[in-house]
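Next comes start21.txt, with compact mmCIF, C-alpha atoms and all ligand atoms.
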# COMPACT_ATOMS: atom_id res chain seq x y z
CA MET A 1268 -27.08 35.81 -6.04
CA ASN A 1269 -26.23 32.15 -6.10
CA ASN A 1270 -29.14 30.23 -4.52
CA GLU A 1271 -26.74 27.83 -2.88
CA PHE A 1272 -25.06 30.61 -0.92
CA ASN A 1273 -25.09 29.82 2.80
CA PRO A 1274 -24.86 33.00 4.92
CA SER A 1275 -23.96 30.89 7.97
CA GLY A 1276 -21.16 29.02 6.23
CA PHE A 1277 -17.47 29.83 5.98
CA ALA A 1278 -16.37 32.58 3.61
CA MET A 1279 -14.97 31.54 0.24
CA LYS A 1280 -11.83 33.51 -0.65
CA ASN A 1281 -13.44 34.50 -3.94
CA GLY A 1282 -11.84 37.95 -4.22
CA ASN A 1283 -14.98 39.70 -3.02
CA PHE A 1284 -15.60 41.37 0.34
CA ILE A 1285 -16.44 38.71 3.03
CA GLY A 1286 -16.69 36.19 0.18
CA LEU A 1287 -20.11 37.56 -0.80
CA PRO A 1288 -21.52 36.01 -3.99
CA TYR A 1289 -21.95 39.16 -6.12
CA THR A 1290 -20.44 40.66 -9.24
CA GLU A 1291 -20.20 44.35 -10.05
CA GLU A 1292 -23.14 43.90 -12.41
CA ASN A 1293 -25.59 42.45 -9.89
CA ALA A 1294 -24.36 44.27 -6.78
CA LYS A 1295 -26.12 47.39 -5.51
CA ILE A 1296 -23.17 48.69 -3.49
CA VAL A 1297 -19.73 48.87 -5.09
CA LEU A 1298 -16.66 49.29 -2.89
CA LEU A 1299 -14.09 51.33 -4.82
CA PRO A 1300 -10.51 51.00 -3.53
CA VAL A 1301 -8.24 54.02 -4.05
CA PRO A 1302 -4.73 52.82 -3.11
CA TRP A 1303 -3.18 56.28 -2.83
CA GLU A 1304 -1.00 57.66 -0.03
CA ALA A 1305 1.36 60.17 -1.61
CA THR A 1306 1.04 62.92 1.01
CA VAL A 1307 1.10 60.92 4.27
CA SER A 1308 3.13 62.73 6.89
CA TYR A 1309 3.78 59.97 9.45
CA ALA A 1310 3.30 56.19 9.07
CA THR A 1311 2.99 54.67 5.58
CA GLY A 1312 1.00 51.62 4.49
CA THR A 1313 -2.54 52.89 3.92
CA ALA A 1314 -2.27 52.41 0.14
CA ALA A 1315 -2.49 48.67 0.87
CA GLY A 1316 -5.40 49.30 3.26
CA PRO A 1317 -8.06 48.06 0.80
CA GLU A 1318 -6.18 44.78 0.30
CA ASN A 1319 -5.77 44.35 4.05
CA ILE A 1320 -9.50 44.98 4.53
CA LEU A 1321 -10.37 42.43 1.83
CA ASP A 1322 -8.02 39.76 3.25
CA ALA A 1323 -9.32 40.27 6.80
CA SER A 1324 -12.96 40.44 5.71
CA TYR A 1325 -13.15 36.67 5.19
CA GLN A 1326 -13.07 36.38 9.00
CA LEU A 1327 -16.33 38.27 9.43
CA ASP A 1328 -19.73 36.70 10.01
CA LEU A 1329 -22.56 38.09 7.93
CA PHE A 1330 -25.25 38.59 10.55
CA ASP A 1331 -25.83 42.27 11.40
CA ALA A 1332 -28.07 42.92 14.42
CA ASP A 1333 -29.00 46.34 13.00
CA VAL A 1334 -29.90 45.27 9.46
CA ALA A 1335 -31.98 42.15 8.76
CA ASP A 1336 -30.73 40.05 5.82
CA ALA A 1337 -27.80 42.43 5.38
CA TYR A 1338 -25.92 39.95 3.18
CA LYS A 1339 -28.70 40.23 0.59
CA ILE A 1340 -28.00 43.92 -0.10
CA GLY A 1341 -25.34 42.94 -2.62
CA ILE A 1342 -21.86 44.30 -1.98
CA PHE A 1343 -19.06 43.98 -4.52
CA MET A 1344 -15.50 45.14 -3.97
CA ARG A 1345 -13.40 46.02 -7.01
CA PRO A 1346 -9.77 44.93 -7.07
CA ALA A 1347 -7.44 47.81 -6.18
CA ASP A 1348 -6.36 49.69 -9.31
CA GLN A 1349 -2.70 48.93 -10.00
CA HIS A 1350 -2.07 52.13 -11.98
CA ILE A 1351 -3.16 54.25 -9.04
CA LEU A 1352 -0.96 52.16 -6.73
CA GLU A 1353 2.07 52.63 -9.02
CA LEU A 1354 1.40 56.36 -9.28
CA SER A 1355 1.13 56.48 -5.48
CA ASN A 1356 4.47 54.72 -4.98
CA TYR A 1357 6.21 56.97 -7.50
CA THR A 1358 4.65 60.17 -6.12
CA ARG A 1359 5.36 59.13 -2.54
CA GLU A 1360 9.10 59.07 -3.32
CA ILE A 1361 9.00 62.67 -4.50
CA ALA A 1362 6.87 63.70 -1.50
CA THR A 1363 9.32 61.99 0.87
CA MET A 1364 12.27 63.93 -0.59
CA HIS A 1365 10.28 67.14 -0.14
CA ILE A 1366 9.26 66.35 3.45
CA ASP A 1367 12.88 65.39 4.32
CA ASN A 1368 14.03 68.73 2.91
CA LEU A 1369 11.49 70.61 5.01
CA GLU A 1370 12.23 68.71 8.21
CA ASN A 1371 15.98 69.13 7.84
CA GLY A 1372 15.85 72.81 6.94
CA LYS A 1373 17.09 72.19 3.38
CA GLY A 1374 14.52 74.45 1.77
CA PHE A 1375 11.42 74.23 -0.37
CA VAL A 1376 11.81 72.72 -3.85
CA GLN A 1377 8.81 73.93 -5.86
CA ASP A 1378 9.33 71.31 -8.57
CA PHE A 1379 8.75 68.46 -6.09
CA VAL A 1380 5.55 70.09 -4.84
CA ASP A 1381 4.30 70.74 -8.37
CA LYS A 1382 4.81 67.10 -9.34
CA VAL A 1383 2.96 65.80 -6.27
CA ASN A 1384 0.11 68.25 -6.79
CA ALA A 1385 -0.21 67.34 -10.48
CA ASN A 1386 -0.47 63.64 -9.64
CA SER A 1387 -3.01 64.36 -6.90
CA VAL A 1388 -5.14 66.10 -9.52
CA LYS A 1389 -4.87 62.98 -11.71
CA VAL A 1390 -6.16 60.84 -8.85
CA ASN A 1391 -8.98 63.26 -8.04
CA ASN A 1392 -10.06 63.21 -11.70
CA TRP A 1393 -9.84 59.43 -11.88
CA VAL A 1394 -11.96 59.03 -8.73
CA LYS A 1395 -14.56 61.45 -10.07
CA GLU A 1396 -14.75 59.55 -13.39
CA GLN A 1397 -15.11 56.17 -11.69
CA CYS A 1398 -17.75 57.44 -9.29
CA THR A 1399 -19.76 59.26 -11.95
CA GLU A 1400 -19.80 56.12 -14.08
CA LEU A 1401 -20.95 53.97 -11.15
CA LEU A 1402 -23.60 56.49 -10.03
CA ASN A 1403 -24.93 56.66 -13.60
CA LYS A 1404 -25.34 52.87 -13.51
CA GLY A 1405 -27.44 53.23 -10.35
CA LYS A 1406 -24.75 51.90 -8.02
CA VAL A 1407 -24.15 53.20 -4.52
CA ILE A 1408 -20.47 53.63 -3.64
CA GLY A 1409 -18.28 53.02 -0.63
CA LEU A 1410 -14.80 54.42 -1.35
CA ILE A 1411 -11.95 52.65 0.41
CA GLY A 1412 -8.68 54.60 0.88
CA GLY A 1413 -5.83 55.09 0.86
CA GLU A 1414 -5.14 58.32 2.66
CA HIS A 1415 -7.98 60.70 3.46
CA SER A 1416 -7.39 62.92 0.42
CA THR A 1417 -8.95 60.23 -1.81
CA PRO A 1418 -12.71 61.04 -1.61
CA LEU A 1419 -12.58 64.55 -3.12
CA GLY A 1420 -13.48 63.36 -6.64
CA TYR A 1421 -16.30 61.27 -5.19
CA LEU A 1422 -17.75 64.34 -3.43
CA HIS A 1423 -17.68 66.20 -6.76
CA ALA A 1424 -19.51 63.30 -8.43
CA LEU A 1425 -22.16 63.31 -5.68
CA ALA A 1426 -22.60 67.07 -6.10
CA ASP A 1427 -23.60 66.44 -9.73
CA LYS A 1428 -26.40 64.21 -8.43
CA TYR A 1429 -27.47 65.92 -5.18
CA GLU A 1430 -28.18 69.64 -4.92
CA ASP A 1431 -27.69 69.56 -1.19
CA PHE A 1432 -26.02 67.12 1.16
CA GLY A 1433 -24.22 67.02 4.46
CA ILE A 1434 -21.19 65.13 5.70
CA LEU A 1435 -20.74 63.27 8.97
CA GLN A 1436 -16.98 62.91 9.48
CA ILE A 1437 -15.51 60.63 12.12
CA ASP A 1438 -11.84 61.54 12.48
CA ALA A 1439 -9.13 62.48 14.98
CA HIS A 1440 -8.29 65.45 12.73
CA CYS A 1441 -10.32 68.26 11.20
CA ASP A 1442 -8.46 67.95 7.88
CA LEU A 1443 -9.26 71.64 7.29
CA ARG A 1444 -5.78 72.94 6.50
CA ASN A 1445 -5.33 75.11 3.43
CA ALA A 1446 -2.65 72.82 1.94
CA TYR A 1447 -0.09 71.06 4.14
CA GLU A 1448 3.65 70.90 3.61
CA GLY A 1449 2.93 72.58 0.26
CA PHE A 1450 0.61 69.79 -0.91
CA THR A 1451 -2.70 71.24 -2.07
CA TYR A 1452 -4.45 67.88 -1.99
CA SER A 1453 -2.97 66.67 1.29
CA HIS A 1454 -4.74 64.18 3.53
CA ALA A 1455 -4.80 67.06 6.06
CA SER A 1456 -6.74 69.29 3.63
CA ILE A 1457 -9.56 67.10 2.35
CA PHE A 1458 -12.37 69.03 4.03
CA TYR A 1459 -10.83 72.43 3.34
CA ASN A 1460 -10.84 71.45 -0.35
CA ALA A 1461 -14.32 69.92 -0.13
CA MET A 1462 -15.82 73.00 1.55
CA GLU A 1463 -14.11 75.37 -0.91
CA GLU A 1464 -14.81 73.38 -4.08
CA VAL A 1465 -18.11 71.59 -3.44
CA LYS A 1466 -20.71 74.23 -2.66
CA ASN A 1467 -23.55 71.66 -2.49
CA ILE A 1468 -22.20 70.50 0.88
CA SER A 1469 -24.42 72.50 3.22
CA LYS A 1470 -23.11 71.07 6.47
CA LEU A 1471 -20.07 69.28 7.81
CA VAL A 1472 -20.32 67.67 11.25
CA GLN A 1473 -17.01 66.43 12.67
CA VAL A 1474 -16.82 63.93 15.54
CA GLY A 1475 -13.82 62.48 17.40
CA ILE A 1476 -11.66 65.55 16.76
CA ARG A 1477 -8.66 65.78 19.09
CA ASP A 1478 -5.61 66.88 17.09
CA TYR A 1479 -6.02 70.20 15.30
CA CYS A 1480 -4.45 73.61 14.80
CA GLU A 1481 -5.28 77.30 15.21
CA GLU A 1482 -5.83 77.77 11.46
CA GLU A 1483 -8.51 75.05 11.50
CA VAL A 1484 -10.31 76.47 14.55
CA ASP A 1485 -10.44 79.86 12.79
CA TYR A 1486 -11.74 78.27 9.60
CA ILE A 1487 -14.53 76.57 11.59
CA LYS A 1488 -15.40 79.84 13.36
CA ASN A 1489 -15.57 81.67 10.04
CA SER A 1490 -17.78 79.02 8.42
CA ASN A 1491 -20.98 80.59 9.84
CA GLY A 1492 -22.19 77.28 11.20
CA ARG A 1493 -21.52 75.33 8.00
CA ILE A 1494 -18.99 73.30 10.00
CA GLU A 1495 -19.88 72.02 13.47
CA VAL A 1496 -17.46 70.06 15.61
CA LEU A 1497 -18.03 67.65 18.46
CA TYR A 1498 -14.53 67.71 19.93
CA ASP A 1499 -13.44 64.50 21.61
CA HIS A 1500 -12.72 66.30 24.90
CA ALA A 1501 -16.14 68.01 24.86
CA MET A 1502 -17.91 64.72 24.17
CA ASN A 1503 -16.13 63.00 27.05
CA GLU A 1504 -16.68 65.88 29.45
CA ALA A 1505 -20.41 65.81 28.67
CA LEU A 1506 -20.43 62.06 29.39
CA PHE A 1507 -18.47 62.55 32.63
CA VAL A 1508 -21.07 64.99 34.01
CA GLY A 1509 -23.97 62.70 33.16
CA GLU A 1510 -25.24 63.54 29.68
CA THR A 1511 -26.27 60.43 27.81
CA TYR A 1512 -24.37 59.40 24.71
CA GLN A 1513 -27.70 59.02 22.95
CA SER A 1514 -28.61 62.67 23.52
CA ILE A 1515 -25.17 63.80 22.36
CA CYS A 1516 -25.42 61.74 19.14
CA LYS A 1517 -28.95 62.91 18.46
CA SER A 1518 -28.10 66.59 18.85
CA TYR A 1519 -25.27 66.33 16.29
CA VAL A 1520 -27.17 64.11 13.84
CA ASP A 1521 -30.03 66.65 13.94
CA LYS A 1522 -27.68 69.31 12.55
CA LEU A 1523 -27.39 67.34 9.28
CA PRO A 1524 -29.65 67.71 6.21
CA LYS A 1525 -31.74 64.90 4.69
CA ASN A 1526 -28.96 63.41 2.57
CA VAL A 1527 -25.76 62.53 4.39
CA TYR A 1528 -22.38 61.26 3.24
CA VAL A 1529 -20.28 59.56 5.91
CA SER A 1530 -16.52 60.08 5.83
CA PHE A 1531 -14.90 57.66 8.24
CA ASP A 1532 -11.22 58.09 8.98
CA ILE A 1533 -10.26 55.01 10.97
CA ASP A 1534 -8.09 57.20 13.23
CA GLY A 1535 -11.33 58.58 14.70
CA LEU A 1536 -11.39 55.32 16.69
CA TRP A 1537 -9.21 54.36 19.63
CA PRO A 1538 -5.67 53.80 18.28
CA ASN A 1539 -5.64 50.20 19.54
CA LEU A 1540 -8.27 49.58 16.83
CA CYS A 1541 -6.07 51.08 14.11
CA PRO A 1542 -2.44 50.87 15.32
CA ASN A 1543 -0.95 51.19 11.81
CA THR A 1544 -3.03 54.08 10.56
CA GLY A 1545 -1.21 57.09 9.02
CA THR A 1546 -1.56 59.45 12.02
CA PRO A 1547 -2.76 57.69 15.19
CA VAL A 1548 -3.91 59.86 18.12
CA ALA A 1549 -4.70 58.78 21.70
CA GLY A 1550 -8.36 59.08 22.69
CA GLY A 1551 -11.26 58.82 20.26
CA LEU A 1552 -14.39 56.73 19.85
CA SER A 1553 -14.79 53.10 20.83
CA LEU A 1554 -16.22 50.90 18.08
CA PRO A 1555 -19.63 50.63 19.82
CA GLN A 1556 -19.72 54.44 20.17
CA ALA A 1557 -19.00 54.90 16.46
CA PHE A 1558 -21.60 52.30 15.46
CA PHE A 1559 -24.21 53.83 17.78
CA LEU A 1560 -23.62 57.23 16.18
CA LEU A 1561 -24.05 55.71 12.70
CA LYS A 1562 -27.17 53.85 13.81
CA THR A 1563 -28.59 57.08 15.27
CA LEU A 1564 -27.99 58.70 11.88
CA ALA A 1565 -29.60 55.80 10.00
CA GLU A 1566 -32.66 55.73 12.27
CA SER A 1567 -33.19 59.50 12.10
CA GLY A 1568 -34.95 59.22 8.74
CA ARG A 1569 -31.96 60.63 6.87
CA LYS A 1570 -30.49 58.86 3.86
CA ILE A 1571 -26.86 57.77 3.80
CA ILE A 1572 -26.00 58.49 0.15
CA GLY A 1573 -22.40 57.31 0.20
CA PHE A 1574 -19.38 56.78 2.38
CA ASP A 1575 -15.64 56.43 2.52
CA LEU A 1576 -13.36 54.63 4.92
CA CYS A 1577 -9.78 55.88 4.82
CA GLU A 1578 -6.38 55.57 6.49
CA VAL A 1579 -6.60 51.86 7.35
CA GLY A 1580 -3.05 50.54 7.79
CA SER A 1581 -1.62 47.37 6.30
CA ALA A 1582 1.30 46.43 8.56
CA ASP A 1583 -0.96 44.14 10.60
CA GLU A 1584 -4.06 42.08 9.81
CA TRP A 1585 -5.83 43.61 12.84
CA ASP A 1586 -6.20 47.01 11.18
CA GLY A 1587 -7.88 45.33 8.23
CA ASN A 1588 -10.12 43.29 10.53
CA VAL A 1589 -11.48 46.41 12.26
CA GLY A 1590 -11.67 48.23 8.92
CA ALA A 1591 -13.71 45.41 7.38
CA ARG A 1592 -16.21 45.61 10.23
CA VAL A 1593 -16.57 49.35 9.75
CA VAL A 1594 -17.09 48.91 5.99
CA TYR A 1595 -19.75 46.23 6.50
CA LYS A 1596 -21.64 48.33 9.07
CA LEU A 1597 -21.49 51.44 6.87
CA ALA A 1598 -22.63 49.52 3.79
CA ASN A 1599 -25.48 47.81 5.65
CA LEU A 1600 -26.80 50.96 7.32
CA MET A 1601 -26.50 52.84 4.03
CA GLY A 1602 -28.39 50.04 2.25
CA LYS A 1603 -31.10 50.14 4.89
CA THR A 1604 -31.65 53.90 4.62
CA LEU A 1605 -31.83 53.61 0.81
CA GLY A 1606 -34.28 50.71 0.95
CA LEU A 1607 -31.87 48.28 -0.71
CA VAL A 1608 -32.88 45.41 1.59
MN MN B 1 -8.67 62.34 8.22

Any chance you could put this one into structure tokens?
Amino acid sequence: MNNEFNPSGFAMKNGNFIGLPYTEENAKIVLLPVPWEATVSYATGTAAGPENILDASYQLDLFDADVADAYKIGIFMRPADQHILELSNYTREIATMHIDNLENGKGFVQDFVDKVNANSVKVNNWVKEQCTELLNKGKVIGLIGGEHSTPLGYLHALADKYEDFGILQIDAHCDLRNAYEGFTYSHASIFYNAMEEVKNISKLVQVGIRDYCEEEVDYIKNSNGRIEVLYDHAMNEALFVGETYQSICKSYVDKLPKNVYVSFDIDGLWPNLCPNTGTPVAGGLSLPQAFFLLKTLAESGRKIIGFDLCEVGSADEWDGNVGARVVYKLANLMGKTLGLV
């Protein structure tokens, strides 16, 4: 780090997250943008989420009340990969034709679905390669979507390193559908695919869930406790009758194993904090509730081994502003549990 760096000064627009003075070589945490949103079913724009987060991040101050000297951890954000973005734009056009066909009763064109699925596999493989390379260099990774399908390759890379890990997912949706609209690697299927493909994931704890289907509830029931859900309505009802939020957080954190990956879909938060996300849903966690949950996890003695933040919209700077705060908190708490600061 540059000795002249002033953590109380204004952020330089140097291309790095919050203007932090690190390169990929000397950073300990690398933020990996995956600008991919081929299978989105509602609002578009999350492929430019990483750029929106970067642009808004210059507004943030560096002091973190939960992590002393957080700015010293060393965070570097890669530029968004243009090939992935081009592939996303191209694939999105095919996916849109397919979804229009479905919605207007014009039938199911297998060729469209095959093309989308083939490109999704390319992205999954690319993400796994990038993550494996970074992990082998001793870096810790925060993946920045893009739609929520993007972390699958990262979870595979982590499974090569960790025999056993759990996932804390903050999300409005379970994302446990066995394919959606014909797309195997849909944003709505990320945790179905993760649970089926990545056997090293011993536990998935979902929080904020408030928009889900019968098929997903059955899948959870049949998981023999591998998946546990704190539904948004159940959380609020417990609060209404006098349970403390602390006790609720603790009881769900305690279900997780020693190593925990955090998957943060921004739509887990109140929609006024993410108005341009792919699939906004009324209800959800406030930002302080989400941060308290993450802090409870970090202070439980567990290690946060990686994270993703997905579905941040780009139509308005505000989405990026909230997203940047979530990224910084996740990175700092992760760094603290790994002893990086
Ligand atoms: Mn999601």

Exercise: stretch 1432-1444 of chain A partners within 6 Å, only C-alpha atoms, chain neighbours under 6 positions left out, as a ChimeraX atom specification: /A:1455-1459,1468-1479,1483,1523-1524,1526-1532,1534-1535

For each of A:Lys1389, A:Ala1294, A:Leu1576, A:Gly1409, take the minimum atom-to-atom distance to ligand MN 1 (chain B), counting all atoms listed in the file, then give the residue where this is smallest.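 Among the listed residues, A:Leu1576 lies closest to ligand MN 1 (chain B).
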
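If you look at atom CA of A:Ile1285 and atom CA of A:Leu1354, they are 28.0 Å away from each other.
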
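Nearest to A:Asn1539 of all the residues A:Trp1585, A:Ile1411, A:Gln1513, A:Tyr1519 is A:Trp1585, based on only C-alpha atoms.
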
Between atom CA of A:Gly1413 and atom CA of A:Glu1304, what is the distance, to one decimal in Å?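 A separation of 5.5 Å between them.
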
Looking at only C-alpha atoms and all ligand atoms, which of A:Gln1377, A:Thr1451, A:Ser1416, A:Asn1489 is the one that sits closest to ligand MN 1 (chain B)?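 Among the listed residues, A:Ser1416 lies closest to ligand MN 1 (chain B).
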
Extract, using only C-alpha atoms, all DNA, RNA and protein residues at most 10 Å from A:Asp1381, discarding same-chain residues fewer than 6 positions from it, and format them as a list in words. Ser1387, Gly1449, Phe1450 and Thr1451 of chain A

Contacts of A:Pro1300 within 9 Å, all atoms listed in the file, excl. fewer than 4 positions in-chain, as an mmCIF file with C-alpha atoms, in the coordinates of the input:
data_model
loop_
_atom_site.group_PDB
_atom_site.id
_atom_site.type_symbol
_atom_site.label_atom_id
_atom_site.label_comp_id
_atom_site.auth_asym_id
_atom_site.auth_seq_id
_atom_site.Cartn_x
_atom_site.Cartn_y
_atom_site.Cartn_z
ATOM 1 C CA GLY A 1316 -5.400 49.300 3.260
ATOM 2 C CA PRO A 1317 -8.060 48.060 0.800
ATOM 3 C CA GLU A 1318 -6.180 44.780 0.300
ATOM 4 C CA MET A 1344 -15.500 45.140 -3.970
ATOM 5 C CA ARG A 1345 -13.400 46.020 -7.010
ATOM 6 C CA PRO A 1346 -9.770 44.930 -7.070
ATOM 7 C CA ALA A 1347 -7.440 47.810 -6.180
ATOM 8 C CA ASP A 1348 -6.360 49.690 -9.310
ATOM 9 C CA GLY A 1409 -18.280 53.020 -0.630
ATOM 10 C CA LEU A 1410 -14.800 54.420 -1.350
ATOM 11 C CA ILE A 1411 -11.950 52.650 0.410
ATOM 12 C CA GLY A 1412 -8.680 54.600 0.880
ATOM 13 C CA GLY A 1413 -5.830 55.090 0.860
#

Do you know which residues are at most 12 Å from A:Leu1401 counting all atoms listed in the file, after dropping those on the same chain fewer than 2 positions away, and could you put them as a list in words?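 Final neighbour list, sorted by chain and number: Glu1291, Glu1292, Ala1294, Lys1295, Ile1296, Val1297, Leu1298, Leu1299, Arg1345, Val1394, Lys1395, Glu1396, Gln1397, Cys1398, Thr1399, Asn1403, Lys1404, Gly1405, Lys1406, Val1407, Ile1408, Gly1409, Leu1410, Tyr1421, Ala1424, Leu1425, Lys1428 and Gly1573 of chain A.
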
Go ahead and write the selection's residues with C-alpha atoms as a PDB file, keeping the file's coordinate frame.
ATOM      1  CA  GLU A1291     -20.200  44.350 -10.050  1.00  0.00           C
ATOM      2  CA  GLU A1292     -23.140  43.900 -12.410  1.00  0.00           C
ATOM      3  CA  ALA A1294     -24.360  44.270  -6.780  1.00  0.00           C
ATOM      4  CA  LYS A1295     -26.120  47.390  -5.510  1.00  0.00           C
ATOM      5  CA  ILE A1296     -23.170  48.690  -3.490  1.00  0.00           C
ATOM      6  CA  VAL A1297     -19.730  48.870  -5.090  1.00  0.00           C
ATOM      7  CA  LEU A1298     -16.660  49.290  -2.890  1.00  0.00           C
ATOM      8  CA  LEU A1299     -14.090  51.330  -4.820  1.00  0.00           C
ATOM      9  CA  ARG A1345     -13.400  46.020  -7.010  1.00  0.00           C
ATOM     10  CA  VAL A1394     -11.960  59.030  -8.730  1.00  0.00           C
ATOM     11  CA  LYS A1395     -14.560  61.450 -10.070  1.00  0.00           C
ATOM     12  CA  GLU A1396     -14.750  59.550 -13.390  1.00  0.00           C
ATOM     13  CA  GLN A1397     -15.110  56.170 -11.690  1.00  0.00           C
ATOM     14  CA  CYS A1398     -17.750  57.440  -9.290  1.00  0.00           C
ATOM     15  CA  THR A1399     -19.760  59.260 -11.950  1.00  0.00           C
ATOM     16  CA  ASN A1403     -24.930  56.660 -13.600  1.00  0.00           C
ATOM     17  CA  LYS A1404     -25.340  52.870 -13.510  1.00  0.00           C
ATOM     18  CA  GLY A1405     -27.440  53.230 -10.350  1.00  0.00           C
ATOM     19  CA  LYS A1406     -24.750  51.900  -8.020  1.00  0.00           C
ATOM     20  CA  VAL A1407     -24.150  53.200  -4.520  1.00  0.00           C
ATOM     21  CA  ILE A1408     -20.470  53.630  -3.640  1.00  0.00           C
ATOM     22  CA  GLY A1409     -18.280  53.020  -0.630  1.00  0.00           C
ATOM     23  CA  LEU A1410     -14.800  54.420  -1.350  1.00  0.00           C
ATOM     24  CA  TYR A1421     -16.300  61.270  -5.190  1.00  0.00           C
ATOM     25  CA  ALA A1424     -19.510  63.300  -8.430  1.00  0.00           C
ATOM     26  CA  LEU A1425     -22.160  63.310  -5.680  1.00  0.00           C
ATOM     27  CA  LYS A1428     -26.400  64.210  -8.430  1.00  0.00           C
ATOM     28  CA  GLY A1573     -22.400  57.310   0.200  1.00  0.00           C
TER      29      GLY A1573
END

Return the single residue from A:Arg1569, A:Arg1493, A:Lys1517, A:His1415 that is closest to ligand MN 1 (chain B), with distances computed using all atoms listed in the file.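 With all atoms listed in the file as the atom set, the closest residue is A:His1415.
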
Closest to A:Asp1431 among A:Thr1417, A:Gln1326, A:Ser1514, A:Asn1467, using all atoms listed in the file?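 With all atoms listed in the file as the atom set, the closest residue is A:Asn1467.
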
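Minimum distance to A:Gly1568 across A:Leu1597, A:Val1334, A:Val1520, A:Ala1582 (counting all atoms listed in the file) occurs at A:Val1520.
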
Å distance separating atom CA of A:Phe1574 from atom CA of A:Asn1273, one decimal place: 27.6 Å

What box, with edges along x, y and z, holds each listed atom of stretch 1332-1336 of chain A when 8 Å is added on every side, and can you state its centre and edge lengths in Å to one decimal, as lines of an AutoDock Vina configuration file?
center_x = -30.0
center_y = 43.2
center_z = 10.1
size_x = 19.9
size_y = 22.3
size_z = 24.6

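The point (-22.1, 44.7, -0.9) has these residues within 9 Å of it, counting only C-alpha atoms: Asn1283, Phe1284, Leu1287, Tyr1289, Ala1294, Lys1295, Ile1296, Val1297, Leu1298, Ala1337, Tyr1338, Lys1339, Ile1340, Gly1341, Ile1342, Phe1343, Met1344, Tyr1595, Ala1598, Asn1599 and Gly1602 of chain A.
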
Any chance you could export the current selection's C-alpha atoms as a PDB file, keeping the file's coordinate frame?
ATOM      1  CA  ASN A1283     -14.980  39.700  -3.020  1.00  0.00           C
ATOM      2  CA  PHE A1284     -15.600  41.370   0.340  1.00  0.00           C
ATOM      3  CA  LEU A1287     -20.110  37.560  -0.800  1.00  0.00           C
ATOM      4  CA  TYR A1289     -21.950  39.160  -6.120  1.00  0.00           C
ATOM      5  CA  ALA A1294     -24.360  44.270  -6.780  1.00  0.00           C
ATOM      6  CA  LYS A1295     -26.120  47.390  -5.510  1.00  0.00           C
ATOM      7  CA  ILE A1296     -23.170  48.690  -3.490  1.00  0.00           C
ATOM      8  CA  VAL A1297     -19.730  48.870  -5.090  1.00  0.00           C
ATOM      9  CA  LEU A1298     -16.660  49.290  -2.890  1.00  0.00           C
ATOM     10  CA  ALA A1337     -27.800  42.430   5.380  1.00  0.00           C
ATOM     11  CA  TYR A1338     -25.920  39.950   3.180  1.00  0.00           C
ATOM     12  CA  LYS A1339     -28.700  40.230   0.590  1.00  0.00           C
ATOM     13  CA  ILE A1340     -28.000  43.920  -0.100  1.00  0.00           C
ATOM     14  CA  GLY A1341     -25.340  42.940  -2.620  1.00  0.00           C
ATOM     15  CA  ILE A1342     -21.860  44.300  -1.980  1.00  0.00           C
ATOM     16  CA  PHE A1343     -19.060  43.980  -4.520  1.00  0.00           C
ATOM     17  CA  MET A1344     -15.500  45.140  -3.970  1.00  0.00           C
ATOM     18  CA  TYR A1595     -19.750  46.230   6.500  1.00  0.00           C
ATOM     19  CA  ALA A1598     -22.630  49.520   3.790  1.00  0.00           C
ATOM     20  CA  ASN A1599     -25.480  47.810   5.650  1.00  0.00           C
ATOM     21  CA  GLY A1602     -28.390  50.040   2.250  1.00  0.00           C
TER      22      GLY A1602
END

Output requested as a PDB file, keeping the file's coordinate frame - stretch 1568-1576 of chain A, filled out with N, CA and C atoms.
ATOM      1  N   GLY A1568     -34.163  58.945   9.945  1.00  0.00           N
ATOM      2  CA  GLY A1568     -34.950  59.220   8.740  1.00  0.00           C
ATOM      3  C   GLY A1568     -34.108  59.824   7.629  1.00  0.00           C
ATOM      4  N   ARG A1569     -32.842  60.096   7.908  1.00  0.00           N
ATOM      5  CA  ARG A1569     -31.960  60.630   6.870  1.00  0.00           C
ATOM      6  C   ARG A1569     -31.474  59.490   5.966  1.00  0.00           C
ATOM      7  N   LYS A1570     -31.037  59.849   4.776  1.00  0.00           N
ATOM      8  CA  LYS A1570     -30.490  58.860   3.860  1.00  0.00           C
ATOM      9  C   LYS A1570     -28.968  58.953   3.857  1.00  0.00           C
ATOM     10  N   ILE A1571     -28.314  57.803   3.967  1.00  0.00           N
ATOM     11  CA  ILE A1571     -26.860  57.770   3.800  1.00  0.00           C
ATOM     12  C   ILE A1571     -26.614  57.534   2.309  1.00  0.00           C
ATOM     13  N   ILE A1572     -26.092  58.550   1.620  1.00  0.00           N
ATOM     14  CA  ILE A1572     -26.000  58.490   0.150  1.00  0.00           C
ATOM     15  C   ILE A1572     -24.647  57.966  -0.330  1.00  0.00           C
ATOM     16  N   GLY A1573     -23.710  57.812   0.586  1.00  0.00           N
ATOM     17  CA  GLY A1573     -22.400  57.310   0.200  1.00  0.00           C
ATOM     18  C   GLY A1573     -21.480  57.361   1.400  1.00  0.00           C
ATOM     19  N   PHE A1574     -20.342  56.708   1.279  1.00  0.00           N
ATOM     20  CA  PHE A1574     -19.380  56.780   2.380  1.00  0.00           C
ATOM     21  C   PHE A1574     -17.974  56.515   1.883  1.00  0.00           C
ATOM     22  N   ASP A1575     -17.012  56.902   2.715  1.00  0.00           N
ATOM     23  CA  ASP A1575     -15.640  56.430   2.520  1.00  0.00           C
ATOM     24  C   ASP A1575     -15.113  55.937   3.850  1.00  0.00           C
ATOM     25  N   LEU A1576     -14.169  55.007   3.764  1.00  0.00           N
ATOM     26  CA  LEU A1576     -13.360  54.630   4.920  1.00  0.00           C
ATOM     27  C   LEU A1576     -11.905  54.780   4.488  1.00  0.00           C
TER      28      LEU A1576
END
